[in-house]
$ cat model.cif   # mmCIF, C-alpha atoms
data_coords
loop_
_atom_site.group_PDB
_atom_site.id
_atom_site.type_symbol
_atom_site.label_atom_id
_atom_site.label_comp_id
_atom_site.auth_asym_id
_atom_site.auth_seq_id
_atom_site.Cartn_x
_atom_site.Cartn_y
_atom_site.Cartn_z
ATOM 1 C CA MET A 1 66.764 98.392 139.845
ATOM 2 C CA SER A 2 67.367 94.661 140.349
ATOM 3 C CA SER A 3 70.576 93.214 141.688
ATOM 4 C CA ASP A 4 71.280 91.746 138.215
ATOM 5 C CA SER A 5 71.333 95.147 136.493
ATOM 6 C CA ARG A 6 72.664 98.561 137.352
ATOM 7 C CA THR A 7 73.131 102.051 135.904
ATOM 8 C CA ILE A 8 76.615 103.299 136.712
ATOM 9 C CA ARG A 9 77.971 106.833 136.463
ATOM 10 C CA PRO A 10 81.434 108.257 137.223
ATOM 11 C CA SER A 11 82.027 108.993 140.873
ATOM 12 C CA ARG A 12 81.181 112.352 142.406
ATOM 13 C CA GLN A 13 84.731 112.617 143.724
ATOM 14 C CA LEU A 14 86.078 112.487 140.164
ATOM 15 C CA LEU A 15 83.799 115.382 139.210
ATOM 16 C CA ILE A 16 84.998 117.408 142.198
ATOM 17 C CA THR A 17 88.606 116.714 141.208
ATOM 18 C CA GLY A 18 87.900 117.955 137.700
ATOM 19 C CA ILE A 19 86.344 121.173 139.001
ATOM 20 C CA TRP A 20 89.226 121.928 141.346
ATOM 21 C CA THR A 21 91.900 121.194 138.762
ATOM 22 C CA LEU A 22 90.060 123.402 136.258
ATOM 23 C CA ALA A 23 90.017 126.257 138.782
ATOM 24 C CA MET A 24 93.692 125.710 139.568
ATOM 25 C CA PHE A 25 94.839 125.755 135.943
ATOM 26 C CA VAL A 26 92.715 128.789 135.064
ATOM 27 C CA GLY A 27 94.114 130.576 138.109
ATOM 28 C CA MET A 28 97.670 129.712 137.079
ATOM 29 C CA ALA A 29 96.972 130.992 133.549
ATOM 30 C CA ILE A 30 95.732 134.333 134.898
ATOM 31 C CA VAL A 31 98.670 134.706 137.292
ATOM 32 C CA SER A 32 101.179 133.781 134.571
ATOM 33 C CA ALA A 33 99.737 136.318 132.166
ATOM 34 C CA VAL A 34 99.605 139.118 134.776
ATOM 35 C CA GLY A 35 103.101 138.286 136.023
ATOM 36 C CA MET A 36 104.559 138.469 132.529
ATOM 37 C CA MET A 37 102.836 141.767 131.771
ATOM 38 C CA LEU A 38 104.111 143.346 135.010
ATOM 39 C CA ASP A 39 107.613 141.874 135.017
ATOM 40 C CA PRO A 40 110.061 144.815 134.546
ATOM 41 C CA THR A 41 112.894 142.478 133.515
ATOM 42 C CA THR A 42 111.002 141.422 130.385
ATOM 43 C CA PRO A 43 111.304 143.693 127.306
ATOM 44 C CA PRO A 44 107.974 145.451 126.639
ATOM 45 C CA GLY A 45 107.775 144.067 123.118
ATOM 46 C CA ASN A 46 107.969 140.466 124.393
ATOM 47 C CA ARG A 47 105.558 140.710 127.313
ATOM 48 C CA VAL A 48 102.404 139.981 125.353
ATOM 49 C CA ILE A 49 103.986 137.049 123.523
ATOM 50 C CA LEU A 50 105.322 135.531 126.750
ATOM 51 C CA ALA A 51 102.033 136.153 128.565
ATOM 52 C CA VAL A 52 100.076 134.379 125.820
ATOM 53 C CA GLY A 53 102.600 131.541 125.673
ATOM 54 C CA PHE A 54 102.669 130.822 129.417
ATOM 55 C CA SER A 55 98.915 131.222 129.879
ATOM 56 C CA SER A 56 98.250 129.002 126.850
ATOM 57 C CA PHE A 57 100.112 126.139 128.516
ATOM 58 C CA TRP A 58 97.886 126.343 131.598
ATOM 59 C CA LEU A 59 94.764 126.761 129.468
ATOM 60 C CA VAL A 60 95.596 123.534 127.621
ATOM 61 C CA MET A 61 95.762 121.777 130.989
ATOM 62 C CA ALA A 62 92.487 123.464 131.932
ATOM 63 C CA SER A 63 90.855 122.122 128.758
ATOM 64 C CA MET A 64 91.762 118.589 129.863
ATOM 65 C CA SER A 65 90.027 119.221 133.178
ATOM 66 C CA GLY A 66 87.042 120.585 131.264
ATOM 67 C CA TYR A 67 86.910 117.390 129.235
ATOM 68 C CA LEU A 68 86.971 115.371 132.462
ATOM 69 C CA ILE A 69 84.034 117.366 133.837
ATOM 70 C CA ALA A 70 82.039 116.927 130.615
ATOM 71 C CA ALA A 71 82.781 113.191 130.552
ATOM 72 C CA CYS A 72 81.619 112.815 134.161
ATOM 73 C CA ARG A 73 78.369 114.582 133.322
ATOM 74 C CA ARG A 74 77.577 112.638 130.150
ATOM 75 C CA GLU A 75 78.989 109.145 130.672
ATOM 76 C CA VAL A 76 76.503 106.403 131.606
ATOM 77 C CA TRP A 77 76.966 102.629 131.841
ATOM 78 C CA ASP A 78 73.925 100.346 131.711
ATOM 79 C CA VAL A 79 75.076 96.915 132.855
ATOM 80 C CA ASP A 80 73.235 93.641 133.389
ATOM 81 C CA ARG A 81 74.116 89.947 133.297
ATOM 82 C CA PHE A 82 73.978 89.796 129.515
ATOM 83 C CA ARG A 83 75.446 93.006 128.149
ATOM 84 C CA ILE A 84 77.281 96.246 128.886
ATOM 85 C CA VAL A 85 76.090 99.441 127.227
ATOM 86 C CA CYS A 86 78.483 102.380 127.443
ATOM 87 C CA ARG A 87 77.308 105.863 126.444
ATOM 88 C CA GLY A 88 80.095 108.408 126.719
ATOM 89 C CA LEU A 89 80.945 111.847 125.463
ATOM 90 C CA PHE A 90 82.176 110.612 122.073
ATOM 91 C CA ARG A 91 81.347 106.914 122.013
ATOM 92 C CA ARG A 92 78.537 104.435 122.336
ATOM 93 C CA MET A 93 79.222 100.728 122.591
ATOM 94 C CA THR A 94 77.210 97.625 123.366
ATOM 95 C CA MET A 95 79.056 94.442 124.295
ATOM 96 C CA HIS A 96 77.356 91.105 124.941
ATOM 97 C CA LEU A 97 79.104 89.193 127.708
ATOM 98 C CA ASP A 98 78.466 85.805 126.077
ATOM 99 C CA ALA A 99 80.587 86.949 123.121
ATOM 100 C CA VAL A 100 83.632 87.906 125.227
ATOM 101 C CA LEU A 101 86.667 85.855 124.217
ATOM 102 C CA GLU A 102 89.129 87.342 126.705
ATOM 103 C CA ALA A 103 88.812 89.229 129.986
ATOM 104 C CA LYS A 104 92.083 90.782 131.099
ATOM 105 C CA TRP A 105 92.448 92.048 134.663
ATOM 106 C CA VAL A 106 94.931 94.932 134.762
ATOM 107 C CA CYS A 107 96.525 96.216 137.984
ATOM 108 C CA ASN A 108 97.039 99.953 137.593
ATOM 109 C CA ALA A 109 95.785 102.691 139.904
ATOM 110 C CA GLN A 110 92.340 101.417 140.958
ATOM 111 C CA GLY A 111 92.283 98.712 138.276
ATOM 112 C CA LYS A 112 91.107 98.151 134.750
ATOM 113 C CA ILE A 113 89.188 95.386 132.987
ATOM 114 C CA THR A 114 89.726 94.823 129.269
ATOM 115 C CA LEU A 115 87.017 92.802 127.500
ATOM 116 C CA LYS A 116 87.581 91.556 123.962
ATOM 117 C CA THR A 117 85.180 89.969 121.491
ATOM 118 C CA ARG A 118 85.838 89.059 117.883
ATOM 119 C CA ASP A 119 85.454 92.654 116.683
ATOM 120 C CA GLN A 120 85.240 94.828 119.837
ATOM 121 C CA THR A 121 87.470 95.899 122.713
ATOM 122 C CA LEU A 122 86.006 97.518 125.807
ATOM 123 C CA ARG A 123 88.239 98.984 128.525
ATOM 124 C CA ILE A 124 86.624 99.606 131.894
ATOM 125 C CA SER A 125 88.627 101.938 134.159
ATOM 126 C CA LEU A 126 87.352 101.081 137.615
ATOM 127 C CA GLU A 127 88.948 104.151 139.218
ATOM 128 C CA THR A 128 86.240 106.334 137.680
ATOM 129 C CA PHE A 129 83.420 104.593 139.600
ATOM 130 C CA GLU A 130 82.243 104.496 143.177
ATOM 131 C CA ARG A 131 83.525 101.746 145.454
ATOM 132 C CA GLU A 132 80.289 99.729 145.422
ATOM 133 C CA ASP A 133 80.040 99.930 141.618
ATOM 134 C CA ARG A 134 83.629 98.705 141.208
ATOM 135 C CA LEU A 135 82.949 95.677 143.378
ATOM 136 C CA TRP A 136 79.685 94.946 141.542
ATOM 137 C CA LEU A 137 81.413 95.058 138.140
ATOM 138 C CA ILE A 138 84.227 92.802 139.331
ATOM 139 C CA ARG A 139 81.760 90.216 140.613
ATOM 140 C CA LEU A 140 79.759 90.376 137.388
ATOM 141 C CA VAL A 141 82.733 89.851 135.067
ATOM 142 C CA ARG A 142 84.252 87.193 137.309
ATOM 143 C CA ASP A 143 80.990 85.217 137.409
ATOM 144 C CA ARG A 144 79.853 85.650 133.802
ATOM 145 C CA ILE A 145 83.098 85.084 131.869
ATOM 146 C CA PRO A 146 84.468 81.497 131.857
ATOM 147 C CA GLU A 147 87.592 81.237 133.994
ATOM 148 C CA ASP A 148 89.736 79.919 131.146
ATOM 149 C CA ARG A 149 89.115 83.205 129.284
ATOM 150 C CA GLN A 150 90.366 85.362 132.164
ATOM 151 C CA THR A 151 93.987 86.452 132.598
ATOM 152 C CA GLY A 152 95.725 88.307 135.426
ATOM 153 C CA TRP A 153 93.040 87.510 137.988
ATOM 154 C CA GLU A 154 95.220 86.351 140.895
ATOM 155 C CA ARG A 155 97.321 89.509 140.949
ATOM 156 C CA PHE A 156 94.266 91.723 140.474
ATOM 157 C CA CYS A 157 92.402 89.840 143.187
ATOM 158 C CA GLY A 158 95.116 90.354 145.787
ATOM 159 C CA ALA A 159 95.812 93.989 144.936
ATOM 160 C CA LEU A 160 92.308 95.344 144.276
ATOM 161 C CA ALA A 161 89.371 92.931 144.466
ATOM 162 C CA VAL A 162 89.771 91.640 148.028
ATOM 163 C CA PRO A 163 90.554 95.104 149.511
ATOM 164 C CA LEU A 164 87.250 96.344 148.049
ATOM 165 C CA THR A 165 85.369 93.771 150.152
ATOM 166 C CA LYS A 166 86.861 95.225 153.339
ATOM 167 C CA PRO A 167 85.789 98.444 155.088
ATOM 168 C CA ALA A 168 86.766 101.583 153.213
ATOM 169 C CA ALA A 169 89.594 103.753 154.481
ATOM 170 C CA ASP A 170 87.147 106.536 155.390
ATOM 171 C CA VAL A 171 84.936 104.308 157.554
ATOM 172 C CA VAL A 172 84.989 105.337 161.212
ATOM 173 C CA ARG A 173 86.483 102.465 163.202
ATOM 174 C CA PRO A 174 89.170 101.992 165.857
ATOM 175 C CA LEU A 175 92.681 102.274 164.473
ATOM 176 C CA LYS A 176 95.008 99.309 164.468
ATOM 177 C CA ALA A 177 98.528 99.506 165.868
ATOM 178 C CA ASN A 178 100.069 100.084 162.432
ATOM 179 C CA GLU A 179 97.535 102.649 161.180
ATOM 180 C CA VAL A 180 97.083 106.408 161.354
ATOM 181 C CA ARG A 181 94.100 108.606 160.475
ATOM 182 C CA LEU A 182 94.737 111.389 157.960
ATOM 183 C CA SER A 183 92.371 114.314 158.489
ATOM 184 C CA ARG A 184 91.761 117.633 156.803
ATOM 185 C CA ALA A 185 93.020 119.403 159.923
ATOM 186 C CA ARG A 186 96.364 117.608 159.595
ATOM 187 C CA PHE A 187 96.772 118.799 156.002
ATOM 188 C CA ASP A 188 95.642 122.303 156.997
ATOM 189 C CA LEU A 189 98.627 122.398 159.356
ATOM 190 C CA TYR A 190 101.041 121.135 156.691
ATOM 191 C CA PHE A 191 99.862 123.526 154.008
ATOM 192 C CA GLY A 192 99.611 126.430 156.441
ATOM 193 C CA PHE A 193 103.360 126.174 156.951
ATOM 194 C CA LEU A 194 103.875 125.764 153.191
ATOM 195 C CA LEU A 195 101.716 128.832 152.461
ATOM 196 C CA ALA A 196 103.669 130.935 154.958
ATOM 197 C CA CYS A 197 106.927 129.936 153.260
ATOM 198 C CA ALA A 198 105.440 130.728 149.822
ATOM 199 C CA VAL A 199 104.359 134.192 150.982
ATOM 200 C CA LEU A 200 107.827 134.946 152.364
ATOM 201 C CA ILE A 201 109.429 133.819 149.096
ATOM 202 C CA ALA A 202 107.047 135.998 147.066
ATOM 203 C CA VAL A 203 107.693 139.082 149.249
ATOM 204 C CA PHE A 204 111.469 138.592 149.115
ATOM 205 C CA ALA A 205 111.416 138.072 145.343
ATOM 206 C CA LEU A 206 109.286 141.178 144.814
ATOM 207 C CA ASP A 207 111.327 143.476 147.084
ATOM 208 C CA HIS A 208 114.838 142.290 146.337
ATOM 209 C CA LEU A 209 114.676 140.675 142.914
ATOM 210 C CA GLU A 210 111.694 142.514 141.383
ATOM 211 C CA ALA A 211 110.498 139.147 140.147
ATOM 212 C CA HIS A 212 106.761 139.623 139.804
ATOM 213 C CA ARG A 213 106.312 136.080 138.544
ATOM 214 C CA ARG A 214 107.129 134.771 142.042
ATOM 215 C CA LEU A 215 103.784 136.196 143.164
ATOM 216 C CA ALA A 216 102.270 132.967 141.829
ATOM 217 C CA ALA A 217 103.928 130.969 144.617
ATOM 218 C CA PRO A 218 101.213 131.641 147.268
ATOM 219 C CA LEU A 219 98.429 131.019 144.749
ATOM 220 C CA ALA A 220 99.943 127.688 143.707
ATOM 221 C CA ALA A 221 100.208 126.684 147.375
ATOM 222 C CA VAL A 222 96.575 127.627 148.049
ATOM 223 C CA LEU A 223 95.238 125.791 145.003
ATOM 224 C CA SER A 224 97.289 122.687 145.791
ATOM 225 C CA TRP A 225 96.051 122.779 149.383
ATOM 226 C CA LEU A 226 92.408 123.042 148.304
ATOM 227 C CA LEU A 227 92.831 120.289 145.715
ATOM 228 C CA ILE A 228 94.293 117.827 148.216
ATOM 229 C CA ARG A 229 92.069 118.905 151.114
ATOM 230 C CA PHE A 230 88.827 118.101 149.347
ATOM 231 C CA GLN A 231 90.118 114.709 148.235
ATOM 232 C CA ILE A 232 90.093 113.675 151.890
ATOM 233 C CA PRO A 233 86.710 112.645 153.374
ATOM 234 C CA LYS A 234 85.334 114.843 156.152
ATOM 235 C CA LYS A 235 85.732 111.981 158.626
ATOM 236 C CA GLY A 236 89.335 111.437 157.562
ATOM 237 C CA MET A 237 90.907 108.370 156.038
ATOM 238 C CA ILE A 238 92.984 105.543 157.434
ATOM 239 C CA ALA A 239 96.490 104.930 156.096
ATOM 240 C CA PRO A 240 99.238 102.526 157.172
ATOM 241 C CA ARG A 241 101.786 103.970 159.559
ATOM 242 C CA MET A 242 105.343 104.091 158.262
ATOM 243 C CA SER A 243 107.540 101.826 160.362
ATOM 244 C CA PHE A 244 110.609 99.608 160.076
ATOM 245 C CA ASP A 245 110.131 95.836 160.163
ATOM 246 C CA TRP A 246 113.418 93.938 160.440
ATOM 247 C CA ARG A 247 112.136 90.782 158.734
ATOM 248 C CA ARG A 248 110.539 92.754 155.925
ATOM 249 C CA ASP A 249 113.125 95.497 155.370
ATOM 250 C CA ARG A 250 116.430 93.864 156.292
ATOM 251 C CA TRP A 251 117.483 93.377 152.667
ATOM 252 C CA PHE A 252 116.743 96.990 151.811
ATOM 253 C CA LEU A 253 118.854 98.011 154.808
ATOM 254 C CA ALA A 254 121.641 95.744 153.550
ATOM 255 C CA LEU A 255 121.406 97.355 150.109
ATOM 256 C CA LEU A 256 121.563 100.816 151.671
ATOM 257 C CA VAL A 257 124.649 99.913 153.739
ATOM 258 C CA TRP A 258 126.305 98.263 150.748
ATOM 259 C CA SER A 259 125.729 101.420 148.681
ATOM 260 C CA GLY A 260 127.963 103.307 151.117
ATOM 261 C CA VAL A 261 130.901 100.954 150.629
ATOM 262 C CA PRO A 262 132.401 102.856 147.621
ATOM 263 C CA LEU A 263 132.579 106.080 149.655
ATOM 264 C CA THR A 264 134.367 104.216 152.426
ATOM 265 C CA LEU A 265 136.876 102.765 149.977
ATOM 266 C CA LEU A 266 137.545 106.166 148.430
ATOM 267 C CA PHE A 267 138.183 107.559 151.919
ATOM 268 C CA LEU A 268 140.644 104.761 152.712
ATOM 269 C CA HIS A 269 142.497 105.194 149.412
ATOM 270 C CA ARG A 270 142.683 108.999 149.516
ATOM 271 C CA GLY A 271 146.020 110.507 148.586
ATOM 272 C CA ARG A 272 147.316 107.378 146.851
ATOM 273 C CA GLU A 273 148.209 107.359 143.162
ATOM 274 C CA SER A 274 149.755 104.284 141.589
ATOM 275 C CA LEU A 275 149.132 101.587 139.017
ATOM 276 C CA GLU A 276 148.496 99.053 141.773
ATOM 277 C CA LEU A 277 145.852 101.315 143.255
ATOM 278 C CA SER A 278 144.052 101.585 139.896
ATOM 279 C CA ALA A 279 143.970 97.798 139.580
ATOM 280 C CA LEU A 280 142.751 97.506 143.175
ATOM 281 C CA LEU A 281 139.951 99.988 142.519
ATOM 282 C CA ILE A 282 138.840 98.026 139.448
ATOM 283 C CA VAL A 283 138.711 94.789 141.453
ATOM 284 C CA GLU A 284 136.817 96.513 144.262
ATOM 285 C CA ALA A 285 134.330 98.024 141.789
ATOM 286 C CA ILE A 286 133.674 94.619 140.228
ATOM 287 C CA GLY A 287 133.236 93.046 143.663
ATOM 288 C CA TRP A 288 130.934 95.826 144.817
ATOM 289 C CA PHE A 289 128.777 95.576 141.694
ATOM 290 C CA ALA A 290 128.543 91.780 142.059
ATOM 291 C CA GLY A 291 127.439 92.201 145.668
ATOM 292 C CA PHE A 292 124.906 94.826 144.630
ATOM 293 C CA LEU A 293 123.390 92.458 142.052
ATOM 294 C CA LEU A 294 123.315 89.612 144.587
ATOM 295 C CA ILE A 295 121.440 91.696 147.160
ATOM 296 C CA ALA A 296 119.039 93.030 144.505
ATOM 297 C CA TRP A 297 118.393 89.483 143.245
ATOM 298 C CA ARG A 298 117.685 88.318 146.794
ATOM 299 C CA ILE A 299 115.252 91.183 147.366
ATOM 300 C CA ASP A 300 113.454 90.330 144.130
ATOM 301 C CA ARG A 301 113.164 86.645 145.090
ATOM 302 C CA ILE A 302 111.752 87.479 148.521
ATOM 303 C CA GLN A 303 109.255 89.938 147.081
ATOM 304 C CA ALA A 304 108.175 87.465 144.391
ATOM 305 C CA ALA A 305 107.553 84.754 147.001
ATOM 306 C CA GLU A 306 105.610 87.138 149.242
ATOM 307 C CA ARG A 307 103.603 88.421 146.277
ATOM 308 C CA LEU A 308 102.688 84.888 145.177
ATOM 309 C CA ALA A 309 101.617 83.957 148.709
ATOM 310 C CA ARG A 310 99.440 87.097 148.956
ATOM 311 C CA GLN A 311 97.823 86.377 145.609
ATOM 312 C CA GLN A 312 97.009 82.798 146.594
ATOM 313 C CA ARG A 313 95.552 83.901 149.929
ATOM 314 C CA ALA A 314 93.545 86.643 148.222
ATOM 315 C CA ALA A 315 92.106 84.221 145.641
ATOM 316 C CA MET A 316 91.008 81.841 148.401
ATOM 317 C CA GLU A 317 89.562 84.719 150.440
ATOM 318 C CA TRP A 318 87.606 85.945 147.399
ATOM 319 C CA GLN A 319 86.171 82.466 146.797
ATOM 320 C CA ASP A 320 85.167 82.161 150.462
ATOM 321 C CA LYS A 321 83.478 85.567 150.422
ATOM 322 C CA MET A 322 81.587 84.817 147.207
ATOM 323 C CA ALA A 323 80.525 81.386 148.521
ATOM 324 C CA SER A 324 79.204 82.853 151.785
ATOM 325 C CA ARG A 325 77.466 85.603 149.815
ATOM 326 C CA ASN A 326 75.707 83.061 147.601
ATOM 327 C CA VAL A 327 74.616 81.026 150.651
ATOM 328 C CA THR A 328 73.104 84.045 152.368
#
$ encode --input "model.cif" --output "C-alpha cells"
Amino acid sequence: MSSDSRTIRPSRQLLITGIWTLAMFVGMAIVSAVGMMLDPTTPPGNRVILAVGFSSFWLVMASMSGYLIAACRREVWDVDRFRIVCRGLFRRMTMHLDAVLEAKWVCNAQGKITLKTRDQTLRISLETFEREDRLWLIRLVRDRIPEDRQTGWERFCGALAVPLTKPAADVVRPLKANEVRLSRARFDLYFGFLLACAVLIAVFALDHLEAHRRLAAPLAAVLSWLLIRFQIPKKGMIAPRMSFDWRRDRWFLALLVWSGVPLTLLFLHRGRESLELSALLIVEAIGWFAGFLLIAWRIDRIQAAERLARQQRAAMEWQDKMASRNVT
C-alpha cells in the first residue's frame, strides 16, 4: 500500500470495548431477571413482568453494543488522494475530494471531520480509528482541501491534531514533573476496595433487608473493573498530575471564596428580623451576584486569551512539522 492510499478499519480497542460492554449488559440483564424472580418483597404475580421489564432495558443496551461489534467487523474505508470510499454495515458512499465544498473540523471526543459536496455529506469520526490512521486522515484532508473551504481548523489543530504528532500516552518514556503513570495494578487496587464494599453491601442487604436485587452490586463492580482495566494499555498510560497553579487557578479560587460569602452574611445576620434587614439582604444579594458575574467574566476572558494563544502556537507547530516532513 502506497503512502498516498490506505485501507482503514475501526480500531481494535473499539472492538474490545464493544465486547466488554456487551458482556456487562447481558450479565446485568441476567442478574436483574434472577433478582426479580427471587425477591420475596415482590408479589408473585408481578415477578415475571418486572423481570422481563428490567432485563429488557439491559438487553436494549446490549443490542447497541452488538451493533458496535458488527460495525467494527464490517466497516472499511478505502482512502487515497482523490476519493474516500466508505463501506459500512448499512451504507456505502464514495466522495471525491476535488468536489468537496466545505471541510468542517469538529472538536468533540477524539475529533470529527465533516465533508460536504453539492449533494453529499460525509462525517468521519476519528475516535473510531487507530492513532496513526487519524493523523494520516487529518494530513490528507488538510493538504487536499483548499484552506478557504476549511472551518474550525485552528481550534481542532490545538486540541487534537498537534497532540497526535507527539508520543502517545502509552509510550514508555521518563515521566515529567507534572505527570503520573496510570497502570492496571493501580486500578486493581481501587476496584479491589470497591468490590469489597459492594460485597459487604450485598451481604447486609440480603441478611437484614432480604433485598435479593442488591446481589447485583458485586457483579456491577466486577464488570466495571474489567471494562476500565482493559482500556488501559499493559504498559500503562501517562496522565497529567492534578496540582494547583496560582497563576492558572487564582480566579477559580476567588470564585470559590466568593461563593462562601452568602453563608458568612447569613451567619452575621442570624437572629435579626426587621424591614431594614430585608433591604440590607437584598442589597447584599445584588452586590454578591454582580461580583460573581465579574469574576466569571474575568475567568472567561483569561481562558479565551489562553485558548487563542494555544491555537496560534498549535497552528504554527503543525506547519513546521508538515514542512520538515515534506523536506525529509
$ resolve_selection --input "model.cif" --expression "the PyMOL selection byres ((chain A and resi 59) around 12)" --output "PDB file with C-alpha atoms, in the coordinates of the input"
ATOM      1  CA  THR A  21      91.900 121.194 138.762  1.00  0.00           C
ATOM      2  CA  LEU A  22      90.060 123.402 136.258  1.00  0.00           C
ATOM      3  CA  ALA A  23      90.017 126.257 138.782  1.00  0.00           C
ATOM      4  CA  MET A  24      93.692 125.710 139.568  1.00  0.00           C
ATOM      5  CA  PHE A  25      94.839 125.755 135.943  1.00  0.00           C
ATOM      6  CA  VAL A  26      92.715 128.789 135.064  1.00  0.00           C
ATOM      7  CA  GLY A  27      94.114 130.576 138.109  1.00  0.00           C
ATOM      8  CA  MET A  28      97.670 129.712 137.079  1.00  0.00           C
ATOM      9  CA  ALA A  29      96.972 130.992 133.549  1.00  0.00           C
ATOM     10  CA  ILE A  30      95.732 134.333 134.898  1.00  0.00           C
ATOM     11  CA  VAL A  31      98.670 134.706 137.292  1.00  0.00           C
ATOM     12  CA  SER A  32     101.179 133.781 134.571  1.00  0.00           C
ATOM     13  CA  ALA A  33      99.737 136.318 132.166  1.00  0.00           C
ATOM     14  CA  ALA A  51     102.033 136.153 128.565  1.00  0.00           C
ATOM     15  CA  VAL A  52     100.076 134.379 125.820  1.00  0.00           C
ATOM     16  CA  GLY A  53     102.600 131.541 125.673  1.00  0.00           C
ATOM     17  CA  PHE A  54     102.669 130.822 129.417  1.00  0.00           C
ATOM     18  CA  SER A  55      98.915 131.222 129.879  1.00  0.00           C
ATOM     19  CA  SER A  56      98.250 129.002 126.850  1.00  0.00           C
ATOM     20  CA  PHE A  57     100.112 126.139 128.516  1.00  0.00           C
ATOM     21  CA  TRP A  58      97.886 126.343 131.598  1.00  0.00           C
ATOM     22  CA  VAL A  60      95.596 123.534 127.621  1.00  0.00           C
ATOM     23  CA  MET A  61      95.762 121.777 130.989  1.00  0.00           C
ATOM     24  CA  ALA A  62      92.487 123.464 131.932  1.00  0.00           C
ATOM     25  CA  SER A  63      90.855 122.122 128.758  1.00  0.00           C
ATOM     26  CA  MET A  64      91.762 118.589 129.863  1.00  0.00           C
ATOM     27  CA  SER A  65      90.027 119.221 133.178  1.00  0.00           C
ATOM     28  CA  GLY A  66      87.042 120.585 131.264  1.00  0.00           C
TER      29      GLY A  66
END
$ resolve_selection --input "model.cif" --expression "the PyMOL selection byres ((chain A and resi 161) around 10)" --output "list of chain:residue names"
A:Gln110, A:Gly111, A:Arg134, A:Leu135, A:Ile138, A:Arg139, A:Trp153, A:Glu154, A:Arg155, A:Phe156, A:Cys157, A:Gly158, A:Ala159, A:Leu160, A:Val162, A:Pro163, A:Leu164, A:Thr165, A:Lys166, A:Ala314, A:Ala315, A:Trp318
$ atom_distance --input "model.cif" --atom1 "atom CA of Met237 of chain A" --atom2 "atom CA of Asn108 of chain A"
21.2 Å
$ closest_residue --input "model.cif" --among "A:Leu255, A:Ile302, A:Cys72, A:Leu265" --to "Arg87 of chain A" --atoms "only C-alpha atoms"
A:Cys72
$ atom_distance --input "model.cif" --atom1 "atom CA of Ala305 of chain A" --atom2 "atom CA of Ala103 of chain A"
25.7 Å
$ atom_distance --input "model.cif" --atom1 "atom CA of Arg74 of chain A" --atom2 "atom CA of Leu122 of chain A"
17.8 Å
